[in-house]
Protein chains: 2
Amino acid sequence: MKKITINSVASYAGVSKKTVSRVLNNEPNVSDVTREKVLKAFKELDYTPNPIARGLARNRSFIIACLYDNPSKSYITRLQSGALEACHEHGFNLLIHPCELRSQALLDNIEQLLQTSRVDGLVLTPPFSDHGELVAFLRQKKVPFARVASVKLDDESISVRSNDEQGAFEITELLIELGHKDIAFIKGHPDHSATEQRFNGYRRALAEHGIEYQEHLVEEGNFSYHSGADSAETILHLDPRPTAVFASNDYMAAAVLKAATQMDLKVPDDIAIAGFDNAPIARHIWPGLTTIAQPVEEMTRLAVEHLIEQINQGDNGDEEQQKEPLQITLEAKLICRESTAAPKS
Amino acid sequence: MKKITINSVASYAGVSKKTVSRVLNNEPNVSDVTREKVLKAFKELDYTPNPIARGLARNRSFIIACLYDNPSKSYITRLQSGALEACHEHGFNLLIHPCELRSQALLDNIEQLLQTSRVDGLVLTPPFSDHGELVAFLRQKKVPFARVASVKLDDESISVRSNDEQGAFEITELLIELGHKDIAFIKGHPDHSATEQRFNGYRRALAEHGIEYQEHLVEEGNFSYHSGADSAETILHLDPRPTAVFASNDYMAAAVLKAATQMDLKVPDDIAIAGFDNAPIARHIWPGLTTIAQPVEEMTRLAVEHLIEQINQGDNGDEEQQKEPLQITLEAKLICRESTAAPKS
DNA sequence: TCCCCGTCTGACACCGGTGTCATAATGTCG
DNA sequence: CGACATTATGACACCGGTGTCAGACGGGGA
């Protein structure tokens with residue numbers, strides 16, 4: 001089986017390389033009969049252009065990299081699957097690149113990634129979405145990027161998020177409507193901007209319902225199961241014990257649930273528990289966790305789609321024509337399960 | 001900021017392109033003084049070779065693709081992280097490619113992947129590791145690949161696995177030693193070769209301990225939480241009820257645990273439960289699941305490492321010199337948690 | 001001294017596409 | 001009918017590296 005190159009096709013169709021290239025790229029100024037001849041040759045020879053050669057000539061790789069540093073495996077795979085969907089739709093491939101937020105060498109690491117892979121663009125996922133230094137770095141290098149679940153919208157880059165503040169508000173409101181007044185809260189990792197958002201939603205709900213904010217009911221977590229267990233230890237031994245706990249994500253909520261169960265507390269009767277994210281664990285444990293579902297795949301898909309659009313347009317001609325600051329906010333959805341009493345409908 | 005190419009370096013160092021290339025690739029026949037000059041130029045110009053150009057010239061992409069179709073997100077991310085580790089160590093990048101095992105277009109899909117990305121090699125993860133048709137296809141196309149957690153070792157390709165049969169044996173043996181005789185078993189997905197292995201381990205343990213195999217205690221699952229719930233429904237309503245359940249993975253075991261809890265059965269007193277894989281859920285639920293931990297990252301890392309080795313050697317000169325059929329089996333480890341009574345030590 | 005041989009180096013073609021530009025063929029308008 | 005714009009096509013350089021080969025150079029043996 002010989003290799004089919006653009007030259008084979010050209011001589012087979014009786015035209016020049018360049019004309020074949022024109023057909024490949026849907027360029028204008030090719031007569032219909034010539035185009036047909038070439039397309040026929042494509043089929044009969046079963047030709048596929050070599051993306052590497054193409055990449056070299058056009059300085060493109062047709063690869064997008066997804067950056068993340070996130071302990072939640074389900075979150076990661078959901079991100080990936082949304083990104084992949086968009087990539088494949090547009091003939092791109094996805095490269096994954098986990099890296100440590102706290103690492104000193106972060107920027108070096110990214111620079112190396114850019115050098116060794118020559119990706120066409122980057123998708124920043126939390127906690128990188130709001131990493132000012134990184135964003136500035138990429139902007140300076142003129143590397144296209146899109147941000148997923150970012151909070152700081154005050155600038156001109158692509159950003160797709162869901163409304164964390166509103167989600168946290170709704171779930172807190174649910175607890176309030178169920179009669180809870182002492183609602184403990186476990187914060188997420190301080191590096192994640194979602195942490196602040198969710199906390200804000202919690203406080204707004206309290207405020208709007210005239211419930212006093214009690215600082216001693218708030219624990220610092222970091223989104224890990226382990227940190228949830230630590231916070232639970234404190235919260236569940238408070239006197240009086242709060243009647244509800246809202247943890248900033250499902251892992252921490254699961255840890256609270258486990259701790260409560262071990263203490264022979266009945267959930268939701270003795271203590272109601274709510275999480276955030278709708279991770280698989282939320283429905284795998286008993287009782288199932290009331291939580292907030294975010295459209296993670298959809299967010300990433302949209303982000304990548306716009307990223308690709310930007311890449312493709314930056315490609316042809318006129319520099320930065322209409323740089324649309326595309327910022328999209330999707331809705332999060334409340335999901336009620338057994339860890340809270342059923343809402344009064 | 002101008003682009004630094006091999007030409008810049010060449011003229012800066014006062015040598016030819018080719019000599020620079022020689023230094024880059026550690027080729028012999030470069031005098032020490034020349035080499036120094038070039039290395040100095042590298043540093044001072046801050047030069048990094050363009051992998052795309054290199055790829056074109058050498059017909060390489062320095063990218064490996066990881067194929068999977070697996071519902072367990074934690075398994076996927078563990079695979080990925082092992083693969084990434086090995087890739088980065090050798091200057092490769094990883095591209096992920098989920099695809100459907102059952103899809104008719106599987107081979108077309110893979111072919112397209114090969115065409116559009118020109119990956120240098122493939123990592124097959126379950127359930128692709130034992131997909132005869134796919135393996136034959138790749139072999140025919142002479143695409144290097146490595147298999148992770150495959151069972152059929154009867155051939156000449158790279159394969160790294162852990163001993164599922166032994167793991168299942170040990171966990172069953174543990175249950176037996178704890179006094180259980182009626183031990184239900186939930187099978188995994190029939191497309192996964194691990195399914196048969198784990199079942200075999202279960203049966204061997206029964207046989208070696210002189211316990212009769214009871215077919216009605218075995219349920220068909222498919223590794224999903226949902227299928228575990230279905231099987232639990234049946235098993236927990238048997239009369240007499242088995243005193244232990246060994247599910248082929250942790251998700252199914254978690255479902256059994258949830259069902260048992262809902263029925264007010266005490267675990268492990270009324271019923272002991274064991275899983276397989278040591279997924280995060282195994283320690284996130286209460287009681288924690290006794291399970292088998294496989295070195296997933298390590299397996300994938302090794303597989304990719306050998307894959308890269310093969311790619312690199314196939315690269316230089318002599319075709320298929322010493323094709324070492326590298327087949328490695330790692331040990332799985334029993335992890336005892338609260339879902340079974342503590343072992344008599 | 002001459003010849004042979006190994007070491008070191010560069011010129012040049014090549015990988016498989018794309019961009020630029022010249023040119024031929026066709027159409028349009030005064 | 002000639003001047004000129006427009007469409008269709010190909011020749012050729014180029015992207016940034018690598019492979020091939022020939023030639024310069026210095027040392028050892030006859």
# chains A, B, ... in the order shown; residues from 1 in each chain; ligands from 1

$ select_by_dssp --residues "segment 11-122 of chain A" --states "strand (DSSP E or B)" --output "JSON, numbers by chain"
{"A": [63, 64, 65, 66, 67, 68, 93, 94, 95, 96, 97, 98, 121, 122]}

$ write_last_selection --atoms "N, CA and C atoms" --output "mmCIF file, in the first residue's frame"
data_model
loop_
_atom_site.group_PDB
_atom_site.id
_atom_site.type_symbol
_atom_site.label_atom_id
_atom_site.label_comp_id
_atom_site.auth_asym_id
_atom_site.auth_seq_id
_atom_site.Cartn_x
_atom_site.Cartn_y
_atom_site.Cartn_z
ATOM 1 N N ILE A 63 -4.678 20.994 17.115
ATOM 2 C CA ILE A 63 -4.767 20.370 18.425
ATOM 3 C C ILE A 63 -5.045 21.449 19.463
ATOM 4 N N ILE A 64 -5.899 21.109 20.381
ATOM 5 C CA ILE A 64 -6.205 22.013 21.474
ATOM 6 C C ILE A 64 -5.827 21.311 22.769
ATOM 7 N N ALA A 65 -5.292 22.048 23.694
ATOM 8 C CA ALA A 65 -4.930 21.422 24.960
ATOM 9 C C ALA A 65 -5.876 21.879 26.060
ATOM 10 N N CYS A 66 -6.174 20.958 26.922
ATOM 11 C CA CYS A 66 -7.069 21.231 28.035
ATOM 12 C C CYS A 66 -6.261 21.209 29.327
ATOM 13 N N LEU A 67 -6.234 22.334 30.007
ATOM 14 C CA LEU A 67 -5.459 22.457 31.252
ATOM 15 C C LEU A 67 -6.343 22.223 32.453
ATOM 16 N N TYR A 68 -5.882 21.425 33.385
ATOM 17 C CA TYR A 68 -6.671 21.287 34.594
ATOM 18 C C TYR A 68 -5.811 20.881 35.778
ATOM 19 N N ASN A 93 -8.092 17.740 17.476
ATOM 20 C CA ASN A 93 -7.902 16.717 18.483
ATOM 21 C C ASN A 93 -7.604 17.380 19.811
ATOM 22 N N LEU A 94 -7.775 16.614 20.862
ATOM 23 C CA LEU A 94 -7.628 17.167 22.202
ATOM 24 C C LEU A 94 -6.464 16.535 22.928
ATOM 25 N N LEU A 95 -5.683 17.385 23.523
ATOM 26 C CA LEU A 95 -4.536 16.912 24.270
ATOM 27 C C LEU A 95 -4.795 17.319 25.720
ATOM 28 N N ILE A 96 -4.533 16.435 26.640
ATOM 29 C CA ILE A 96 -4.819 16.801 28.008
ATOM 30 C C ILE A 96 -3.535 17.132 28.749
ATOM 31 N N HIS A 97 -3.634 18.089 29.603
ATOM 32 C CA HIS A 97 -2.436 18.560 30.280
ATOM 33 C C HIS A 97 -2.733 18.970 31.718
ATOM 34 N N PRO A 98 -2.706 18.006 32.608
ATOM 35 C CA PRO A 98 -2.883 18.350 34.013
ATOM 36 C C PRO A 98 -1.626 19.041 34.502
ATOM 37 N N GLY A 121 -4.586 26.208 20.590
ATOM 38 C CA GLY A 121 -5.322 26.962 21.596
ATOM 39 C C GLY A 121 -5.396 26.196 22.893
ATOM 40 N N LEU A 122 -5.824 26.882 23.923
ATOM 41 C CA LEU A 122 -5.878 26.285 25.253
ATOM 42 C C LEU A 122 -7.267 26.452 25.852
#

$ residues_around --residues "DT7 of chain C" --least-positions-apart "2" --cutoff "10 Å" --atoms "only C-alpha atoms (C1' of nucleotides)" --output "compact mmCIF listing (two decimals) with N, CA and C atoms (P, O5', C5', C4', C3', O3' and C1' of nucleotides), in the first residue's frame"
# COMPACT_ATOMS: atom_id res chain seq x y z
N PRO B 28 26.57 11.29 16.19
CA PRO B 28 28.03 11.28 16.35
C PRO B 28 28.67 12.16 15.27
N ASN B 29 29.95 12.19 15.28
CA ASN B 29 30.69 12.94 14.27
C ASN B 29 30.45 14.44 14.31
N VAL B 30 30.45 14.96 15.52
CA VAL B 30 30.46 16.40 15.66
C VAL B 30 31.60 16.69 16.63
N SER B 31 32.49 17.55 16.26
CA SER B 31 33.64 17.82 17.13
C SER B 31 33.16 18.55 18.37
P DC C 5 40.61 1.55 2.37
O5' DC C 5 40.34 2.21 3.78
C5' DC C 5 41.30 2.06 4.84
C4' DC C 5 40.95 3.04 5.94
C3' DC C 5 39.44 3.27 6.08
O3' DC C 5 39.08 3.14 7.44
C1' DC C 5 40.57 5.34 5.91
P DT C 9 32.82 19.54 13.01
O5' DT C 9 32.21 19.87 11.60
C5' DT C 9 33.03 20.52 10.62
C4' DT C 9 32.34 20.54 9.29
C3' DT C 9 30.92 21.10 9.30
O3' DT C 9 30.99 22.46 8.91
C1' DT C 9 31.20 19.26 7.78
P DC D 25 40.80 21.63 3.56
O5' DC D 25 41.15 20.70 4.80
C5' DC D 25 40.27 20.65 5.92
C4' DC D 25 40.66 19.48 6.79
C3' DC D 25 42.18 19.28 6.90
O3' DC D 25 42.57 19.54 8.23
C1' DC D 25 41.01 17.21 6.62
P DG D 26 44.12 19.66 8.62
O5' DG D 26 44.36 18.28 9.36
C5' DG D 26 43.51 17.91 10.44
C4' DG D 26 43.83 16.48 10.84
C3' DG D 26 45.34 16.19 10.97
O3' DG D 26 45.56 15.47 12.17
C1' DG D 26 44.35 14.65 9.45

$ closest_atom_pairs --of "chain C" --to "chain A" --cutoff "8 Å" --atoms "only C-alpha atoms (C1' of nucleotides)" --output "Markdown table"
| residue | atom | partner | partner_atom | distance |
| --- | --- | --- | --- | --- |
| C:DC15 | C1' | A:Ala53 | CA | 7.8 |
| C:DG16 | C1' | A:Ala53 | CA | 5.0 |
| C:DG17 | C1' | A:Arg54 | CA | 4.9 |
| C:DT18 | C1' | A:Ala57 | CA | 5.4 |

$ write_last_selection --atoms "C-alpha atoms (C1' of nucleotides)" --output "PDB file, in the first residue's frame"
ATOM      1  C1'  DC C  15       8.885  15.367   3.785  1.00  0.00           C
ATOM      2  C1'  DG C  16       3.634  17.052   2.075  1.00  0.00           C
ATOM      3  C1'  DG C  17       1.429  20.514   2.122  1.00  0.00           C
ATOM      4  C1'  DT C  18       0.441  26.187   1.454  1.00  0.00           C
TER       5       DT C  18
END

$ interface_residues --of "chain A" --to "chain B" --cutoff "9 Å" --atoms "only C-alpha atoms" --output "ChimeraX atom specification"
/A:48-53,55-56,59-63,72-78,80-81,84,91-98,113,115-118,225,251,254-255,257-259,261-262,281,284-287

$ interface_residues --of "chain D" --to "chain B" --cutoff "8 Å" --atoms "only C-alpha atoms (C1' of nucleotides)" --output "MDAnalysis selection string"
chainID D and resid 15:18

$ write_last_selection --atoms "C-alpha atoms (C1' of nucleotides)" --output "PDB file, in the first residue's frame"
ATOM      1  C1'  DC D  15       7.377  26.138   6.273  1.00  0.00           C
ATOM      2  C1'  DG D  16      11.561  23.929   9.630  1.00  0.00           C
ATOM      3  C1'  DG D  17      13.414  20.275  10.119  1.00  0.00           C
ATOM      4  C1'  DT D  18      16.069  15.369   8.436  1.00  0.00           C
TER       5       DT D  18
END

$ select_by_dssp --residues "segment 58-231 of chain B" --states "alpha helix (DSSP H)" --output "short mmCIF file (atom, residue, chain, number, x, y, z; two decimals) with N, CA and C atoms, in the first residue's frame"
data_model
loop_
_atom_site.label_atom_id
_atom_site.label_comp_id
_atom_site.auth_asym_id
_atom_site.auth_seq_id
_atom_site.Cartn_x
_atom_site.Cartn_y
_atom_site.Cartn_z
N ARG B 58 10.43 13.32 9.73
CA ARG B 58 10.67 11.95 10.18
C ARG B 58 9.42 11.09 10.17
N LYS B 73 -15.18 6.79 35.68
CA LYS B 73 -14.38 7.99 35.45
C LYS B 73 -13.09 7.95 36.23
N SER B 74 -13.13 7.32 37.38
CA SER B 74 -11.89 7.31 38.14
C SER B 74 -10.88 6.40 37.45
N TYR B 75 -11.38 5.33 36.86
CA TYR B 75 -10.48 4.42 36.14
C TYR B 75 -9.85 5.16 34.96
N ILE B 76 -10.66 5.88 34.25
CA ILE B 76 -10.17 6.63 33.10
C ILE B 76 -9.10 7.63 33.48
N THR B 77 -9.38 8.39 34.54
CA THR B 77 -8.38 9.39 34.88
C THR B 77 -7.11 8.75 35.41
N ARG B 78 -7.25 7.62 36.04
CA ARG B 78 -6.04 6.95 36.50
C ARG B 78 -5.23 6.45 35.31
N LEU B 79 -5.91 5.89 34.35
CA LEU B 79 -5.23 5.47 33.12
C LEU B 79 -4.50 6.66 32.52
N GLN B 80 -5.23 7.73 32.39
CA GLN B 80 -4.66 8.90 31.75
C GLN B 80 -3.44 9.40 32.49
N SER B 81 -3.53 9.38 33.81
CA SER B 81 -2.41 9.99 34.50
C SER B 81 -1.17 9.13 34.40
N GLY B 82 -1.34 7.81 34.40
CA GLY B 82 -0.19 6.95 34.18
C GLY B 82 0.40 7.16 32.79
N ALA B 83 -0.48 7.25 31.82
CA ALA B 83 -0.02 7.41 30.44
C ALA B 83 0.71 8.74 30.27
N LEU B 84 0.15 9.77 30.86
CA LEU B 84 0.75 11.09 30.74
C LEU B 84 2.15 11.13 31.30
N GLU B 85 2.27 10.48 32.45
CA GLU B 85 3.56 10.46 33.11
C GLU B 85 4.64 9.93 32.16
N ALA B 86 4.34 8.78 31.60
CA ALA B 86 5.30 8.17 30.69
C ALA B 86 5.52 9.03 29.45
N CYS B 87 4.46 9.60 28.93
CA CYS B 87 4.58 10.43 27.74
C CYS B 87 5.51 11.61 27.98
N HIS B 88 5.23 12.33 29.04
CA HIS B 88 6.00 13.54 29.29
C HIS B 88 7.47 13.23 29.53
N GLU B 89 7.67 12.09 30.13
CA GLU B 89 9.04 11.71 30.42
C GLU B 89 9.86 11.54 29.14
N LEU B 106 -16.43 1.34 14.44
CA LEU B 106 -15.25 1.42 15.29
C LEU B 106 -13.96 1.50 14.48
N LEU B 107 -13.79 0.56 13.57
CA LEU B 107 -12.55 0.55 12.82
C LEU B 107 -12.41 1.80 11.94
N ASP B 108 -13.50 2.23 11.36
CA ASP B 108 -13.46 3.47 10.57
C ASP B 108 -13.05 4.63 11.44
N ASN B 109 -13.64 4.64 12.61
CA ASN B 109 -13.36 5.68 13.57
C ASN B 109 -11.86 5.71 13.89
N ILE B 110 -11.32 4.56 14.17
CA ILE B 110 -9.89 4.48 14.50
C ILE B 110 -9.05 4.87 13.30
N GLU B 111 -9.47 4.40 12.15
CA GLU B 111 -8.71 4.75 10.95
C GLU B 111 -8.67 6.26 10.77
N GLN B 112 -9.80 6.86 11.03
CA GLN B 112 -9.84 8.31 10.88
C GLN B 112 -8.91 8.99 11.90
N LEU B 113 -8.93 8.44 13.09
CA LEU B 113 -8.03 8.98 14.10
C LEU B 113 -6.60 8.91 13.61
N LEU B 114 -6.23 7.76 13.08
CA LEU B 114 -4.86 7.59 12.61
C LEU B 114 -4.55 8.58 11.50
N GLN B 115 -5.50 8.78 10.61
CA GLN B 115 -5.28 9.70 9.50
C GLN B 115 -5.18 11.14 9.96
N THR B 116 -6.12 11.53 10.80
CA THR B 116 -6.16 12.95 11.12
C THR B 116 -5.15 13.37 12.16
N SER B 117 -4.65 12.43 12.92
CA SER B 117 -3.73 12.86 13.96
C SER B 117 -2.33 12.32 13.75
N GLY B 132 -10.13 -8.51 19.41
CA GLY B 132 -9.38 -9.21 18.38
C GLY B 132 -9.33 -8.48 17.06
N GLU B 133 -10.48 -8.02 16.64
CA GLU B 133 -10.55 -7.38 15.34
C GLU B 133 -9.68 -6.14 15.28
N LEU B 134 -9.77 -5.36 16.35
CA LEU B 134 -9.00 -4.12 16.40
C LEU B 134 -7.51 -4.42 16.40
N VAL B 135 -7.12 -5.39 17.22
CA VAL B 135 -5.72 -5.76 17.30
C VAL B 135 -5.21 -6.21 15.93
N ALA B 136 -6.01 -7.01 15.25
CA ALA B 136 -5.61 -7.49 13.93
C ALA B 136 -5.47 -6.31 12.97
N PHE B 137 -6.40 -5.42 13.07
CA PHE B 137 -6.40 -4.23 12.20
C PHE B 137 -5.13 -3.41 12.37
N LEU B 138 -4.80 -3.17 13.64
CA LEU B 138 -3.61 -2.36 13.92
C LEU B 138 -2.35 -3.07 13.47
N ARG B 139 -2.36 -4.36 13.68
CA ARG B 139 -1.18 -5.12 13.31
C ARG B 139 -0.97 -5.06 11.80
N GLN B 140 -2.07 -5.17 11.10
CA GLN B 140 -1.99 -5.14 9.64
C GLN B 140 -1.50 -3.78 9.16
N LYS B 141 -1.98 -2.76 9.84
CA LYS B 141 -1.57 -1.41 9.47
C LYS B 141 -0.20 -1.06 10.01
N ASP B 164 -6.11 -10.12 37.93
CA ASP B 164 -7.50 -10.04 38.37
C ASP B 164 -7.98 -11.35 38.98
N GLU B 165 -7.57 -12.43 38.36
CA GLU B 165 -8.04 -13.71 38.84
C GLU B 165 -7.58 -13.92 40.28
N GLN B 166 -6.34 -13.61 40.51
CA GLN B 166 -5.78 -13.78 41.85
C GLN B 166 -6.45 -12.84 42.85
N GLY B 167 -6.70 -11.62 42.42
CA GLY B 167 -7.36 -10.66 43.30
C GLY B 167 -8.72 -11.17 43.72
N ALA B 168 -9.47 -11.63 42.74
CA ALA B 168 -10.81 -12.13 43.03
C ALA B 168 -10.73 -13.35 43.94
N PHE B 169 -9.72 -14.15 43.69
CA PHE B 169 -9.52 -15.32 44.54
C PHE B 169 -9.31 -14.89 45.99
N GLU B 170 -8.44 -13.92 46.18
CA GLU B 170 -8.10 -13.52 47.54
C GLU B 170 -9.28 -12.92 48.30
N ILE B 171 -10.05 -12.14 47.59
CA ILE B 171 -11.14 -11.49 48.28
C ILE B 171 -12.22 -12.52 48.63
N THR B 172 -12.41 -13.47 47.73
CA THR B 172 -13.39 -14.52 48.01
C THR B 172 -12.89 -15.37 49.19
N GLU B 173 -11.61 -15.64 49.16
CA GLU B 173 -11.02 -16.43 50.23
C GLU B 173 -11.20 -15.73 51.58
N LEU B 174 -11.02 -14.41 51.55
CA LEU B 174 -11.23 -13.64 52.77
C LEU B 174 -12.64 -13.86 53.31
N LEU B 175 -13.61 -13.75 52.41
CA LEU B 175 -15.00 -13.95 52.83
C LEU B 175 -15.20 -15.34 53.42
N ILE B 176 -14.61 -16.30 52.77
CA ILE B 176 -14.75 -17.68 53.24
C ILE B 176 -14.14 -17.83 54.63
N GLU B 177 -12.95 -17.24 54.78
CA GLU B 177 -12.28 -17.35 56.08
C GLU B 177 -13.05 -16.65 57.18
N SER B 193 -12.74 -8.44 29.42
CA SER B 193 -12.14 -9.72 29.73
C SER B 193 -11.94 -9.88 31.23
N ALA B 194 -11.89 -8.76 31.94
CA ALA B 194 -11.73 -8.85 33.39
C ALA B 194 -12.91 -9.60 34.01
N THR B 195 -14.03 -9.48 33.37
CA THR B 195 -15.23 -10.13 33.89
C THR B 195 -15.02 -11.62 34.12
N GLU B 196 -14.47 -12.26 33.12
CA GLU B 196 -14.26 -13.69 33.21
C GLU B 196 -13.18 -13.99 34.26
N GLN B 197 -12.13 -13.20 34.25
CA GLN B 197 -11.04 -13.40 35.20
C GLN B 197 -11.54 -13.36 36.64
N ARG B 198 -12.33 -12.36 36.94
CA ARG B 198 -12.79 -12.21 38.31
C ARG B 198 -13.72 -13.34 38.70
N PHE B 199 -14.52 -13.72 37.76
CA PHE B 199 -15.42 -14.84 38.02
C PHE B 199 -14.61 -16.11 38.28
N ASN B 200 -13.60 -16.31 37.49
CA ASN B 200 -12.75 -17.48 37.68
C ASN B 200 -12.11 -17.50 39.06
N GLY B 201 -11.66 -16.35 39.50
CA GLY B 201 -11.03 -16.27 40.82
C GLY B 201 -12.03 -16.65 41.91
N TYR B 202 -13.23 -16.16 41.75
CA TYR B 202 -14.31 -16.48 42.70
C TYR B 202 -14.54 -17.98 42.76
N ARG B 203 -14.64 -18.58 41.59
CA ARG B 203 -14.92 -20.02 41.56
C ARG B 203 -13.76 -20.83 42.10
N ARG B 204 -12.57 -20.40 41.79
CA ARG B 204 -11.41 -21.16 42.26
C ARG B 204 -11.37 -21.15 43.79
N ALA B 205 -11.65 -19.96 44.36
CA ALA B 205 -11.60 -19.87 45.82
C ALA B 205 -12.65 -20.82 46.44
N LEU B 206 -13.84 -20.80 45.87
CA LEU B 206 -14.87 -21.71 46.38
C LEU B 206 -14.37 -23.14 46.30
N ALA B 207 -13.87 -23.51 45.14
CA ALA B 207 -13.45 -24.88 44.91
C ALA B 207 -12.34 -25.28 45.88
N GLU B 208 -11.35 -24.41 46.01
CA GLU B 208 -10.23 -24.78 46.87
C GLU B 208 -10.62 -24.91 48.32
N TYR B 225 -23.33 1.12 38.09
CA TYR B 225 -24.01 1.23 39.38
C TYR B 225 -25.43 0.68 39.25
N HIS B 226 -26.04 1.09 38.17
CA HIS B 226 -27.41 0.69 37.92
C HIS B 226 -27.58 -0.83 37.88
N SER B 227 -26.68 -1.49 37.17
CA SER B 227 -26.80 -2.95 37.07
C SER B 227 -26.59 -3.58 38.43
N GLY B 228 -25.75 -2.93 39.23
CA GLY B 228 -25.53 -3.44 40.59
C GLY B 228 -26.81 -3.35 41.40
N ALA B 229 -27.53 -2.25 41.21
CA ALA B 229 -28.78 -2.07 41.94
C ALA B 229 -29.78 -3.16 41.55
N ASP B 230 -29.84 -3.45 40.26
CA ASP B 230 -30.75 -4.50 39.79
C ASP B 230 -30.39 -5.85 40.41
N SER B 231 -29.11 -6.17 40.35
CA SER B 231 -28.68 -7.46 40.90
C SER B 231 -28.95 -7.53 42.39
#

$ atom_distance --atom1 "atom C1' of DC14 of chain C" --atom2 "atom CA of Ile311 of chain B"
22.5 Å

$ atom_distance --atom1 "atom CA of Gly179 of chain A" --atom2 "atom CA of Val218 of chain A"
19.0 Å

$ residues_around --residues "Ala274 of chain B" --least-positions-apart "4" --cutoff "6 Å" --atoms "only C-alpha atoms (C1' of nucleotides)" --output "list in words"
Phe246, Leu289, Thr290 and Thr291 of chain B

$ residues_around --residues "Val20 of chain B" --least-positions-apart "2" --cutoff "10 Å" --atoms "only C-alpha atoms (C1' of nucleotides)" --output "ChimeraX atom specification"
/B:6-7,9-11,13-18,22-26,30,34-35,37-39,41-42

$ write_last_selection --atoms "N, CA and C atoms" --output "compact mmCIF listing (two decimals), in the first residue's frame"
# COMPACT_ATOMS: atom_id res chain seq x y z
N ILE B 6 15.96 26.75 13.05
CA ILE B 6 17.25 26.08 12.99
C ILE B 6 18.23 26.92 12.17
N ASN B 7 17.70 27.68 11.26
CA ASN B 7 18.56 28.54 10.44
C ASN B 7 19.19 29.66 11.26
N VAL B 9 19.83 29.60 14.37
CA VAL B 9 20.86 29.00 15.20
C VAL B 9 22.10 28.72 14.38
N ALA B 10 21.89 28.19 13.19
CA ALA B 10 23.02 27.83 12.33
C ALA B 10 23.88 29.05 12.03
N SER B 11 23.23 30.12 11.62
CA SER B 11 24.05 31.27 11.25
C SER B 11 24.67 31.91 12.49
N ALA B 13 25.66 30.38 15.13
CA ALA B 13 26.79 29.55 15.56
C ALA B 13 27.83 29.42 14.46
N GLY B 14 27.50 29.92 13.29
CA GLY B 14 28.45 29.84 12.19
C GLY B 14 28.66 28.44 11.65
N VAL B 15 27.62 27.65 11.66
CA VAL B 15 27.71 26.29 11.11
C VAL B 15 26.52 26.07 10.19
N SER B 16 26.42 24.88 9.64
CA SER B 16 25.30 24.62 8.74
C SER B 16 24.09 24.08 9.51
N LYS B 17 22.91 24.19 8.87
CA LYS B 17 21.69 23.60 9.42
C LYS B 17 21.94 22.17 9.89
N LYS B 18 22.53 21.44 8.99
CA LYS B 18 22.69 20.01 9.24
C LYS B 18 23.48 19.75 10.52
N ARG B 22 22.44 17.77 13.79
CA ARG B 22 23.22 16.68 14.39
C ARG B 22 23.29 16.84 15.91
N VAL B 23 23.55 18.05 16.32
CA VAL B 23 23.65 18.31 17.76
C VAL B 23 22.31 18.03 18.43
N LEU B 24 21.27 18.52 17.80
CA LEU B 24 19.92 18.31 18.34
C LEU B 24 19.65 16.84 18.61
N ASN B 25 20.06 16.01 17.69
CA ASN B 25 19.72 14.59 17.79
C ASN B 25 20.84 13.73 18.35
N ASN B 26 21.82 14.41 18.92
CA ASN B 26 22.92 13.66 19.53
C ASN B 26 23.57 12.69 18.57
N VAL B 30 30.45 14.96 15.52
CA VAL B 30 30.46 16.40 15.66
C VAL B 30 31.60 16.69 16.63
N THR B 34 32.64 22.37 18.04
CA THR B 34 31.44 22.70 17.27
C THR B 34 30.20 22.49 18.12
N ARG B 35 30.15 21.35 18.77
CA ARG B 35 28.99 21.03 19.60
C ARG B 35 28.77 22.12 20.65
N LYS B 37 29.71 25.22 20.52
CA LYS B 37 29.24 26.43 19.88
C LYS B 37 27.73 26.37 19.67
N VAL B 38 27.29 25.25 19.18
CA VAL B 38 25.87 25.10 18.88
C VAL B 38 25.04 25.13 20.16
N LEU B 39 25.50 24.42 21.16
CA LEU B 39 24.77 24.40 22.42
C LEU B 39 24.67 25.80 23.00
N ALA B 41 24.66 28.52 21.30
CA ALA B 41 23.67 29.23 20.49
C ALA B 41 22.25 28.87 20.94
N PHE B 42 22.03 27.60 21.22
CA PHE B 42 20.71 27.15 21.70
C PHE B 42 20.30 28.00 22.89

$ residues_around --residues "Asn70 of chain B" --least-positions-apart "6" --cutoff "10 Å" --atoms "only C-alpha atoms (C1' of nucleotides)" --output "list in words"
Ile76, Pro98, Cys99, Glu100, Leu101, Thr125, Pro126, Pro127, Phe128, His192, Phe223 and Ser224 of chain B
